[in-house]
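Quick look at run-v6.cif (mmCIF, C-alpha atoms and all ligand atoms):
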```cif
data_my_file
#
loop_
_atom_site.group_PDB
_atom_site.id
_atom_site.type_symbol
_atom_site.label_atom_id
_atom_site.label_comp_id
_atom_site.auth_asym_id
_atom_site.auth_seq_id
_atom_site.Cartn_x
_atom_site.Cartn_y
_atom_site.Cartn_z
ATOM 1 C CA MET A 1 0.000 0.000 0.000
ATOM 2 C CA LYS A 2 1.318 3.401 -0.936
ATOM 3 C CA THR A 3 2.071 5.580 2.079
ATOM 4 C CA THR A 4 1.207 9.220 1.831
ATOM 5 C CA GLN A 5 2.052 12.073 4.135
ATOM 6 C CA VAL A 6 0.446 15.259 5.316
ATOM 7 C CA SER A 7 2.472 18.293 6.423
ATOM 8 C CA PHE A 8 1.220 21.354 8.217
ATOM 9 C CA THR A 9 2.237 23.929 10.785
ATOM 10 C CA VAL A 10 0.755 24.123 14.270
ATOM 11 C CA ASN A 11 1.722 27.128 16.381
ATOM 12 C CA SER A 12 4.678 27.799 14.069
ATOM 13 C CA LYS A 13 6.008 24.248 14.423
ATOM 14 C CA ARG A 14 6.072 22.052 11.335
ATOM 15 C CA TYR A 15 4.670 18.536 11.492
ATOM 16 C CA THR A 16 4.756 15.796 8.885
ATOM 17 C CA MET A 17 2.584 12.776 9.524
ATOM 18 C CA SER A 18 2.285 9.494 7.725
ATOM 19 C CA VAL A 19 -1.205 8.669 6.492
ATOM 20 C CA GLY A 20 -2.442 5.111 6.586
ATOM 21 C CA LYS A 21 -3.915 2.389 8.739
ATOM 22 C CA LEU A 22 -0.786 1.132 10.427
ATOM 23 C CA PHE A 23 0.033 1.814 14.071
ATOM 24 C CA GLY A 24 1.097 5.421 14.535
ATOM 25 C CA GLN A 25 -0.234 6.550 11.178
ATOM 26 C CA ILE A 26 -3.058 9.031 10.670
ATOM 27 C CA PRO A 27 -6.156 7.280 9.356
ATOM 28 C CA PRO A 28 -7.712 9.143 6.419
ATOM 29 C CA ASN A 29 -10.843 9.786 8.473
ATOM 30 C CA GLU A 30 -9.078 11.231 11.543
ATOM 31 C CA LEU A 31 -10.395 14.608 12.658
ATOM 32 C CA LEU A 32 -8.063 17.515 13.260
ATOM 33 C CA ILE A 33 -9.379 17.900 16.818
ATOM 34 C CA ASP A 34 -8.220 14.359 17.597
ATOM 35 C CA SER A 35 -4.828 14.856 16.001
ATOM 36 C CA LEU A 36 -4.290 18.066 17.947
ATOM 37 C CA ARG A 37 -5.327 16.643 21.289
ATOM 38 C CA ASP A 38 -4.265 13.001 21.118
ATOM 39 C CA ARG A 39 -1.167 13.153 18.932
ATOM 40 C CA LEU A 40 0.234 16.621 19.644
ATOM 41 C CA GLY A 41 -0.998 16.947 23.241
ATOM 42 C CA LEU A 42 -2.662 20.295 22.553
ATOM 43 C CA THR A 43 -5.619 19.744 24.858
ATOM 44 C CA GLY A 44 -6.473 23.428 25.191
ATOM 45 C CA THR A 45 -8.741 22.884 22.200
ATOM 46 C CA LYS A 46 -11.880 21.373 23.722
ATOM 47 C CA ILE A 47 -14.274 18.704 22.488
ATOM 48 C CA ALA A 48 -17.969 18.973 23.254
ATOM 49 C CA CYS A 49 -20.514 18.277 20.494
ATOM 50 C CA LYS A 50 -17.979 17.000 17.937
ATOM 51 C CA ASP A 51 -20.570 17.949 15.356
ATOM 52 C CA GLY A 52 -19.742 21.525 14.392
ATOM 53 C CA ALA A 53 -22.438 22.988 16.619
ATOM 54 C CA CYS A 54 -20.779 24.429 19.751
ATOM 55 C CA GLY A 55 -17.518 26.101 18.715
ATOM 56 C CA CYS A 56 -15.514 24.693 21.648
ATOM 57 C CA CYS A 57 -12.976 23.136 19.282
ATOM 58 C CA THR A 58 -12.341 26.274 17.225
ATOM 59 C CA VAL A 59 -8.823 26.850 15.945
ATOM 60 C CA ILE A 60 -7.481 29.342 13.398
ATOM 61 C CA ILE A 61 -6.565 27.842 10.037
ATOM 62 C CA ASP A 62 -4.912 30.205 7.568
ATOM 63 C CA GLY A 63 -6.568 33.142 9.287
ATOM 64 C CA ASP A 64 -10.071 31.712 9.562
ATOM 65 C CA ALA A 65 -11.770 30.452 12.727
ATOM 66 C CA VAL A 66 -12.734 26.840 12.041
ATOM 67 C CA PRO A 67 -14.261 24.115 14.226
ATOM 68 C CA SER A 68 -11.525 21.497 14.219
ATOM 69 C CA CYS A 69 -14.054 18.687 14.612
ATOM 70 C CA GLU A 70 -15.231 19.500 11.110
ATOM 71 C CA VAL A 71 -11.806 19.170 9.473
ATOM 72 C CA LEU A 72 -9.975 16.032 8.399
ATOM 73 C CA THR A 73 -6.303 16.083 9.292
ATOM 74 C CA VAL A 74 -5.401 14.799 5.830
ATOM 75 C CA ASP A 75 -7.004 17.925 4.376
ATOM 76 C CA CYS A 76 -4.574 20.184 6.272
ATOM 77 C CA GLU A 77 -1.715 19.825 3.815
ATOM 78 C CA GLY A 78 0.231 23.098 3.730
ATOM 79 C CA LYS A 79 -2.054 24.819 6.241
ATOM 80 C CA SER A 80 -1.012 27.062 9.093
ATOM 81 C CA ILE A 81 -2.944 26.183 12.249
ATOM 82 C CA THR A 82 -3.020 28.142 15.479
ATOM 83 C CA THR A 83 -4.461 26.738 18.688
ATOM 84 C CA ILE A 84 -5.028 28.477 22.011
ATOM 85 C CA GLU A 85 -1.565 27.300 23.100
ATOM 86 C CA GLY A 86 -0.020 29.313 20.276
ATOM 87 C CA LEU A 87 -1.743 32.610 20.914
ATOM 88 C CA ALA A 88 0.556 34.086 23.542
ATOM 89 C CA ALA A 89 3.851 35.686 22.496
ATOM 90 C CA PRO A 90 7.008 33.573 22.828
ATOM 91 C CA ASP A 91 7.901 35.467 26.023
ATOM 92 C CA GLY A 92 4.582 34.421 27.558
ATOM 93 C CA THR A 93 2.791 37.734 27.129
ATOM 94 C CA LEU A 94 -0.859 36.927 26.582
ATOM 95 C CA ASP A 95 -2.661 37.914 23.432
ATOM 96 C CA PRO A 96 -4.772 41.039 24.106
ATOM 97 C CA VAL A 97 -7.935 38.951 23.703
ATOM 98 C CA GLN A 98 -6.767 36.529 26.381
ATOM 99 C CA GLN A 99 -5.864 39.392 28.700
ATOM 100 C CA ALA A 100 -9.210 41.123 28.158
ATOM 101 C CA PHE A 101 -11.071 37.906 29.029
ATOM 102 C CA ILE A 102 -9.164 37.798 32.322
ATOM 103 C CA ASP A 103 -9.680 41.493 33.011
ATOM 104 C CA TYR A 104 -13.430 41.252 32.405
ATOM 105 C CA TYR A 105 -13.990 37.847 34.053
ATOM 106 C CA ALA A 106 -15.340 36.646 30.715
ATOM 107 C CA PHE A 107 -15.664 32.979 31.704
ATOM 108 C CA GLN A 108 -16.840 30.755 34.497
ATOM 109 C CA CYS A 109 -15.921 27.082 34.006
ATOM 110 C CA GLY A 110 -13.785 28.082 31.021
ATOM 111 C CA PHE A 111 -14.620 25.102 28.853
ATOM 112 C CA CYS A 112 -15.911 27.210 25.967
ATOM 113 C CA THR A 113 -13.278 29.895 26.413
ATOM 114 C CA PRO A 114 -10.488 28.671 24.090
ATOM 115 C CA GLY A 115 -12.958 28.394 21.221
ATOM 116 C CA ILE A 116 -14.457 31.812 21.877
ATOM 117 C CA ILE A 117 -11.023 33.405 22.134
ATOM 118 C CA MET A 118 -9.879 31.836 18.859
ATOM 119 C CA THR A 119 -13.027 32.948 17.060
ATOM 120 C CA THR A 120 -12.577 36.441 18.481
ATOM 121 C CA ARG A 121 -8.900 36.645 17.523
ATOM 122 C CA ALA A 122 -9.590 35.635 13.919
ATOM 123 C CA TYR A 123 -12.522 38.027 13.705
ATOM 124 C CA LEU A 124 -10.702 41.045 15.132
ATOM 125 C CA ASP A 125 -7.796 40.407 12.770
ATOM 126 C CA LYS A 126 -10.237 40.980 9.915
ATOM 127 C CA ASN A 127 -12.467 43.593 11.529
ATOM 128 C CA PRO A 128 -10.587 45.419 14.332
ATOM 129 C CA HIS A 129 -13.405 47.836 15.170
ATOM 130 C CA PRO A 130 -16.688 45.929 15.108
ATOM 131 C CA THR A 131 -19.908 47.021 16.734
ATOM 132 C CA ARG A 132 -21.265 44.998 19.645
ATOM 133 C CA GLU A 133 -23.902 43.574 17.285
ATOM 134 C CA GLU A 134 -21.239 42.508 14.792
ATOM 135 C CA VAL A 135 -19.356 40.723 17.563
ATOM 136 C CA GLN A 136 -22.555 38.948 18.558
ATOM 137 C CA ASP A 137 -22.960 37.759 14.970
ATOM 138 C CA ALA A 138 -19.320 36.678 14.774
ATOM 139 C CA LEU A 139 -19.732 34.576 17.926
ATOM 140 C CA ALA A 140 -23.044 33.040 16.882
ATOM 141 C CA GLY A 141 -21.387 29.635 16.509
ATOM 142 C CA ASN A 142 -19.833 29.621 19.976
ATOM 143 C CA PHE A 143 -21.966 28.443 22.867
ATOM 144 C CA CYS A 144 -21.380 28.990 26.563
ATOM 145 C CA ARG A 145 -23.391 26.917 28.992
ATOM 146 C CA CYS A 146 -22.360 29.193 31.867
ATOM 147 C CA ILE A 147 -23.986 32.260 30.292
ATOM 148 C CA SER A 148 -20.793 34.314 30.240
ATOM 149 C CA HIS A 149 -21.828 36.038 27.033
ATOM 150 C CA TYR A 150 -22.289 39.532 28.480
ATOM 151 C CA HIS A 151 -18.836 39.565 30.026
ATOM 152 C CA VAL A 152 -17.417 38.202 26.781
ATOM 153 C CA LEU A 153 -18.972 41.075 24.851
ATOM 154 C CA ASP A 154 -17.670 43.599 27.390
ATOM 155 C CA ALA A 155 -14.171 42.123 27.114
ATOM 156 C CA ILE A 156 -14.174 42.288 23.337
ATOM 157 C CA GLU A 157 -15.666 45.781 23.315
ATOM 158 C CA SER A 158 -12.729 46.953 25.424
ATOM 159 C CA LEU A 159 -10.415 46.016 22.549
ATOM 160 C CA THR A 160 -12.262 47.771 19.735
HETATM 161 S S1 LIG B 1 -16.748 20.104 19.391
HETATM 162 FE FE1 LIG B 1 -16.433 21.012 17.436
HETATM 163 S S2 LIG B 1 -18.079 22.403 17.199
HETATM 164 FE FE2 LIG B 1 -18.529 21.354 19.067
HETATM 165 S S1 LIG B 2 -17.627 29.497 30.767
HETATM 166 FE FE1 LIG B 2 -18.497 27.535 31.117
HETATM 167 S S2 LIG B 2 -19.249 26.929 29.154
HETATM 168 FE FE2 LIG B 2 -18.616 28.965 28.888
#
```

Write the structure described by the file as structure tokens, please.
Amino acid sequence: MKTTQVSFTVNSKRYTMSVGKLFGQIPPNELLIDSLRDRLGLTGTKIACKDGACGCCTVIIDGDAVPSCEVLTVDCEGKSITTIEGLAAPDGTLDPVQQAFIDYYAFQCGFCTPGIIMTTRAYLDKNPHPTREEVQDALAGNFCRCISHYHVLDAIESLT
């Protein structure tokens, strides 16, 4: 059987993985969320619905916020992926979105928070000065069971 490979970058680190059904290989149907968490140990990206409905697993792929449970790892050839672990600066300084969430207590249990922060980061990179309503629309795919939405909006508003 011909072995193929998939190469991509996660948090500025390049990975090349063998695709196939042998031990240690990436099966063609493996989801990016599982590769990130189980193979790369990047468990900051959370799993909840695993059906594209909650936004907890959101990562940034080539500048776009994407639910990683909706992406096959084999389809990530050449992509640049950023997870919550890659958002802070190399010296540990938090991304302004992360810092604003802390400053405004924009979470309770925190399970949804990595996904919301990644969606916010990607959105603000494209639209740095949105209205509160535009932010609400941008976060429509991210659910928070703890009802932290109002603090989230306040945190994001402080950055715009
Ligand atoms: S776990 Fe991916 S959208 Fe819910
Ligand atoms: S802070 Fe608990 S789910 Fe959002």

Matched chain/residue IDs from the PyMOL selection byres (((not hetatm)) within 7 of (chain B and resi 1)), as an NGL selection string: :A and (46-58 or 67-70)

Range 16-29 of chain A surroundings by all atoms listed in the file, 12 Å radius, close-in-sequence under 3 positions cut, as a ChimeraX atom specification: /A:1-10,13,32-36,38-40,69-79

Kindly compute an axis-aligned box around the listed atoms of range 37-52 of chain A, allowing 6 Å on each side, and express its centre and edge lengths in Å to one decimal as JSON.
```
{"center_x": -10.2, "center_y": 18.2, "center_z": 19.8, "size_x": 32.8, "size_y": 22.4, "size_z": 22.8}
```

Contacts of range 111-125 of chain A within 8 Å, only C-alpha atoms, excl. fewer than 2 positions in-chain, as a list in words: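 Skipping anything fewer than 2 positions along the chain leaves Gly44, Thr45, Lys46, Gly55, Cys56, Cys57, Thr58, Val59, Ile60, Gly63, Asp64, Ala65, Val66, Thr83, Ile84, Val97, Gln98, Phe107, Cys109, Asn127, Pro128, His129, Pro130, Ala138, Leu139, Asn142, Phe143, Cys144 and Ile156 of chain A.
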
Computed interatomic separation between CA of Leu153 in chain A and CA of Gln136 in chain A (Å):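 Result for CA of Leu153 in chain A versus CA of Gln136 in chain A: 7.5 Å, one decimal.
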